[in-house]
Amino acid sequence: MDRDKERQEISLVGRLLSLEALLVLMGALSLFSGVMAADPVRIASGLAILAALCLLLFRRRKKLQHPKARDKTAPERKPDEVS
């Protein structure tokens, strides 16, 4: 049972990585073709795709950090305190 779960997790990670790779490829190709054709719409779409991918990766990396470690850095407040 544990082996099946590990295999599912590995395949999920593999799918996510391949989706990220496809997004990078799509953004880079759109940016490159826009520069070669001097088409501002393609350049803007390539930049938007790459920027959105960077933001999503940054947010996911932030979420993957241990939540307890993030809670310890925040100052603790008592329930009756008003900020």
# chains A, B, ... in the order shown; residues from 1 in each chain; ligands from 1
$ residues_around --residues "Glu20 in chain A" --least-positions-apart "6" --cutoff "12 Å" --atoms "only C-alpha atoms" --output "PyMOL selection string"
chain A and resi 13-14+26-27+49-50+52-54+56-57
$ atom_distance --atom1 "CA of Ala51 in chain A" --atom2 "CA of Leu31 in chain A"
11.7 Å
$ atom_distance --atom1 "CA of Leu19 in chain A" --atom2 "CA of Ala38 in chain A"
27.7 Å
$ decode --residues "range 25-64 of chain A" --atoms "N, CA and C atoms" --output "PDB file, in the first residue's frame"
ATOM      1  N   LEU A  25       9.068  26.515 -21.759  1.00  0.00           N
ATOM      2  CA  LEU A  25       9.308  26.377 -23.191  1.00  0.00           C
ATOM      3  C   LEU A  25       8.339  27.246 -23.992  1.00  0.00           C
ATOM      4  N   MET A  26       7.061  27.233 -23.618  1.00  0.00           N
ATOM      5  CA  MET A  26       6.069  28.022 -24.331  1.00  0.00           C
ATOM      6  C   MET A  26       6.360  29.518 -24.192  1.00  0.00           C
ATOM      7  N   GLY A  27       6.703  29.958 -23.001  1.00  0.00           N
ATOM      8  CA  GLY A  27       7.019  31.374 -22.800  1.00  0.00           C
ATOM      9  C   GLY A  27       8.265  31.800 -23.554  1.00  0.00           C
ATOM     10  N   ALA A  28       9.297  30.950 -23.517  1.00  0.00           N
ATOM     11  CA  ALA A  28      10.544  31.282 -24.217  1.00  0.00           C
ATOM     12  C   ALA A  28      10.334  31.303 -25.728  1.00  0.00           C
ATOM     13  N   LEU A  29       9.591  30.340 -26.253  1.00  0.00           N
ATOM     14  CA  LEU A  29       9.335  30.320 -27.690  1.00  0.00           C
ATOM     15  C   LEU A  29       8.492  31.513 -28.124  1.00  0.00           C
ATOM     16  N   SER A  30       7.516  31.874 -27.340  1.00  0.00           N
ATOM     17  CA  SER A  30       6.697  33.028 -27.661  1.00  0.00           C
ATOM     18  C   SER A  30       7.531  34.307 -27.634  1.00  0.00           C
ATOM     19  N   LEU A  31       8.381  34.431 -26.643  1.00  0.00           N
ATOM     20  CA  LEU A  31       9.253  35.597 -26.541  1.00  0.00           C
ATOM     21  C   LEU A  31      10.224  35.641 -27.712  1.00  0.00           C
ATOM     22  N   PHE A  32      10.842  34.522 -28.038  1.00  0.00           N
ATOM     23  CA  PHE A  32      11.809  34.457 -29.138  1.00  0.00           C
ATOM     24  C   PHE A  32      11.138  34.763 -30.474  1.00  0.00           C
ATOM     25  N   SER A  33       9.985  34.157 -30.722  1.00  0.00           N
ATOM     26  CA  SER A  33       9.310  34.412 -32.001  1.00  0.00           C
ATOM     27  C   SER A  33       8.826  35.849 -32.090  1.00  0.00           C
ATOM     28  N   GLY A  34       8.452  36.434 -30.976  1.00  0.00           N
ATOM     29  CA  GLY A  34       8.047  37.841 -30.969  1.00  0.00           C
ATOM     30  C   GLY A  34       9.193  38.769 -31.266  1.00  0.00           C
ATOM     31  N   VAL A  35      10.365  38.459 -30.741  1.00  0.00           N
ATOM     32  CA  VAL A  35      11.545  39.276 -31.026  1.00  0.00           C
ATOM     33  C   VAL A  35      11.943  39.135 -32.491  1.00  0.00           C
ATOM     34  N   MET A  36      11.916  37.910 -33.002  1.00  0.00           N
ATOM     35  CA  MET A  36      12.307  37.679 -34.396  1.00  0.00           C
ATOM     36  C   MET A  36      11.331  38.339 -35.370  1.00  0.00           C
ATOM     37  N   ALA A  37      10.045  38.334 -35.056  1.00  0.00           N
ATOM     38  CA  ALA A  37       9.036  38.909 -35.943  1.00  0.00           C
ATOM     39  C   ALA A  37       8.725  40.366 -35.596  1.00  0.00           C
ATOM     40  N   ALA A  38       9.348  40.875 -34.554  1.00  0.00           N
ATOM     41  CA  ALA A  38       9.090  42.235 -34.067  1.00  0.00           C
ATOM     42  C   ALA A  38       7.600  42.444 -33.788  1.00  0.00           C
ATOM     43  N   ASP A  39       7.008  41.458 -33.163  1.00  0.00           N
ATOM     44  CA  ASP A  39       5.582  41.501 -32.828  1.00  0.00           C
ATOM     45  C   ASP A  39       5.438  41.752 -31.328  1.00  0.00           C
ATOM     46  N   PRO A  40       4.978  42.939 -30.952  1.00  0.00           N
ATOM     47  CA  PRO A  40       4.884  43.253 -29.519  1.00  0.00           C
ATOM     48  C   PRO A  40       3.887  42.380 -28.758  1.00  0.00           C
ATOM     49  N   VAL A  41       2.866  41.867 -29.424  1.00  0.00           N
ATOM     50  CA  VAL A  41       1.888  41.018 -28.740  1.00  0.00           C
ATOM     51  C   VAL A  41       2.546  39.705 -28.316  1.00  0.00           C
ATOM     52  N   ARG A  42       3.335  39.109 -29.190  1.00  0.00           N
ATOM     53  CA  ARG A  42       4.027  37.860 -28.835  1.00  0.00           C
ATOM     54  C   ARG A  42       5.072  38.099 -27.747  1.00  0.00           C
ATOM     55  N   ILE A  43       5.772  39.215 -27.836  1.00  0.00           N
ATOM     56  CA  ILE A  43       6.771  39.537 -26.807  1.00  0.00           C
ATOM     57  C   ILE A  43       6.081  39.691 -25.451  1.00  0.00           C
ATOM     58  N   ALA A  44       4.975  40.428 -25.432  1.00  0.00           N
ATOM     59  CA  ALA A  44       4.246  40.652 -24.181  1.00  0.00           C
ATOM     60  C   ALA A  44       3.691  39.340 -23.629  1.00  0.00           C
ATOM     61  N   SER A  45       3.175  38.478 -24.506  1.00  0.00           N
ATOM     62  CA  SER A  45       2.634  37.211 -24.013  1.00  0.00           C
ATOM     63  C   SER A  45       3.750  36.312 -23.476  1.00  0.00           C
ATOM     64  N   GLY A  46       4.892  36.299 -24.134  1.00  0.00           N
ATOM     65  CA  GLY A  46       6.024  35.515 -23.626  1.00  0.00           C
ATOM     66  C   GLY A  46       6.492  36.012 -22.273  1.00  0.00           C
ATOM     67  N   LEU A  47       6.597  37.334 -22.133  1.00  0.00           N
ATOM     68  CA  LEU A  47       6.998  37.908 -20.847  1.00  0.00           C
ATOM     69  C   LEU A  47       5.962  37.631 -19.764  1.00  0.00           C
ATOM     70  N   ALA A  48       4.688  37.702 -20.125  1.00  0.00           N
ATOM     71  CA  ALA A  48       3.623  37.445 -19.151  1.00  0.00           C
ATOM     72  C   ALA A  48       3.643  35.991 -18.684  1.00  0.00           C
ATOM     73  N   ILE A  49       3.851  35.076 -19.614  1.00  0.00           N
ATOM     74  CA  ILE A  49       3.905  33.653 -19.255  1.00  0.00           C
ATOM     75  C   ILE A  49       5.075  33.390 -18.312  1.00  0.00           C
ATOM     76  N   LEU A  50       6.243  33.914 -18.650  1.00  0.00           N
ATOM     77  CA  LEU A  50       7.424  33.683 -17.816  1.00  0.00           C
ATOM     78  C   LEU A  50       7.301  34.364 -16.457  1.00  0.00           C
ATOM     79  N   ALA A  51       6.730  35.558 -16.423  1.00  0.00           N
ATOM     80  CA  ALA A  51       6.545  36.258 -15.150  1.00  0.00           C
ATOM     81  C   ALA A  51       5.544  35.519 -14.261  1.00  0.00           C
ATOM     82  N   ALA A  52       4.445  35.054 -14.846  1.00  0.00           N
ATOM     83  CA  ALA A  52       3.451  34.313 -14.064  1.00  0.00           C
ATOM     84  C   ALA A  52       4.036  33.014 -13.525  1.00  0.00           C
ATOM     85  N   LEU A  53       4.841  32.351 -14.328  1.00  0.00           N
ATOM     86  CA  LEU A  53       5.471  31.118 -13.873  1.00  0.00           C
ATOM     87  C   LEU A  53       6.422  31.386 -12.709  1.00  0.00           C
ATOM     88  N   CYS A  54       7.187  32.462 -12.793  1.00  0.00           N
ATOM     89  CA  CYS A  54       8.088  32.812 -11.688  1.00  0.00           C
ATOM     90  C   CYS A  54       7.311  33.102 -10.408  1.00  0.00           C
ATOM     91  N   LEU A  55       6.212  33.846 -10.538  1.00  0.00           N
ATOM     92  CA  LEU A  55       5.398  34.139  -9.361  1.00  0.00           C
ATOM     93  C   LEU A  55       4.802  32.879  -8.754  1.00  0.00           C
ATOM     94  N   LEU A  56       4.299  31.978  -9.596  1.00  0.00           N
ATOM     95  CA  LEU A  56       3.727  30.733  -9.081  1.00  0.00           C
ATOM     96  C   LEU A  56       4.777  29.870  -8.398  1.00  0.00           C
ATOM     97  N   LEU A  57       5.966  29.795  -8.983  1.00  0.00           N
ATOM     98  CA  LEU A  57       7.028  29.014  -8.358  1.00  0.00           C
ATOM     99  C   LEU A  57       7.442  29.616  -7.029  1.00  0.00           C
ATOM    100  N   PHE A  58       7.502  30.934  -6.956  1.00  0.00           N
ATOM    101  CA  PHE A  58       7.870  31.602  -5.708  1.00  0.00           C
ATOM    102  C   PHE A  58       6.826  31.348  -4.627  1.00  0.00           C
ATOM    103  N   ARG A  59       5.533  31.443  -4.994  1.00  0.00           N
ATOM    104  CA  ARG A  59       4.473  31.198  -4.018  1.00  0.00           C
ATOM    105  C   ARG A  59       4.473  29.756  -3.541  1.00  0.00           C
ATOM    106  N   ARG A  60       4.705  28.819  -4.466  1.00  0.00           N
ATOM    107  CA  ARG A  60       4.713  27.410  -4.072  1.00  0.00           C
ATOM    108  C   ARG A  60       5.898  27.119  -3.158  1.00  0.00           C
ATOM    109  N   ARG A  61       7.043  27.702  -3.466  1.00  0.00           N
ATOM    110  CA  ARG A  61       8.220  27.495  -2.629  1.00  0.00           C
ATOM    111  C   ARG A  61       7.972  28.052  -1.233  1.00  0.00           C
ATOM    112  N   LYS A  62       7.272  29.187  -1.165  1.00  0.00           N
ATOM    113  CA  LYS A  62       6.954  29.782   0.124  1.00  0.00           C
ATOM    114  C   LYS A  62       5.989  28.896   0.913  1.00  0.00           C
ATOM    115  N   LYS A  63       5.011  28.291   0.221  1.00  0.00           N
ATOM    116  CA  LYS A  63       4.043  27.422   0.889  1.00  0.00           C
ATOM    117  C   LYS A  63       4.679  26.123   1.351  1.00  0.00           C
ATOM    118  N   LEU A  64       5.718  25.659   0.666  1.00  0.00           N
ATOM    119  CA  LEU A  64       6.340  24.396   1.026  1.00  0.00           C
ATOM    120  C   LEU A  64       7.210  24.503   2.260  1.00  0.00           C
TER     121      LEU A  64
END
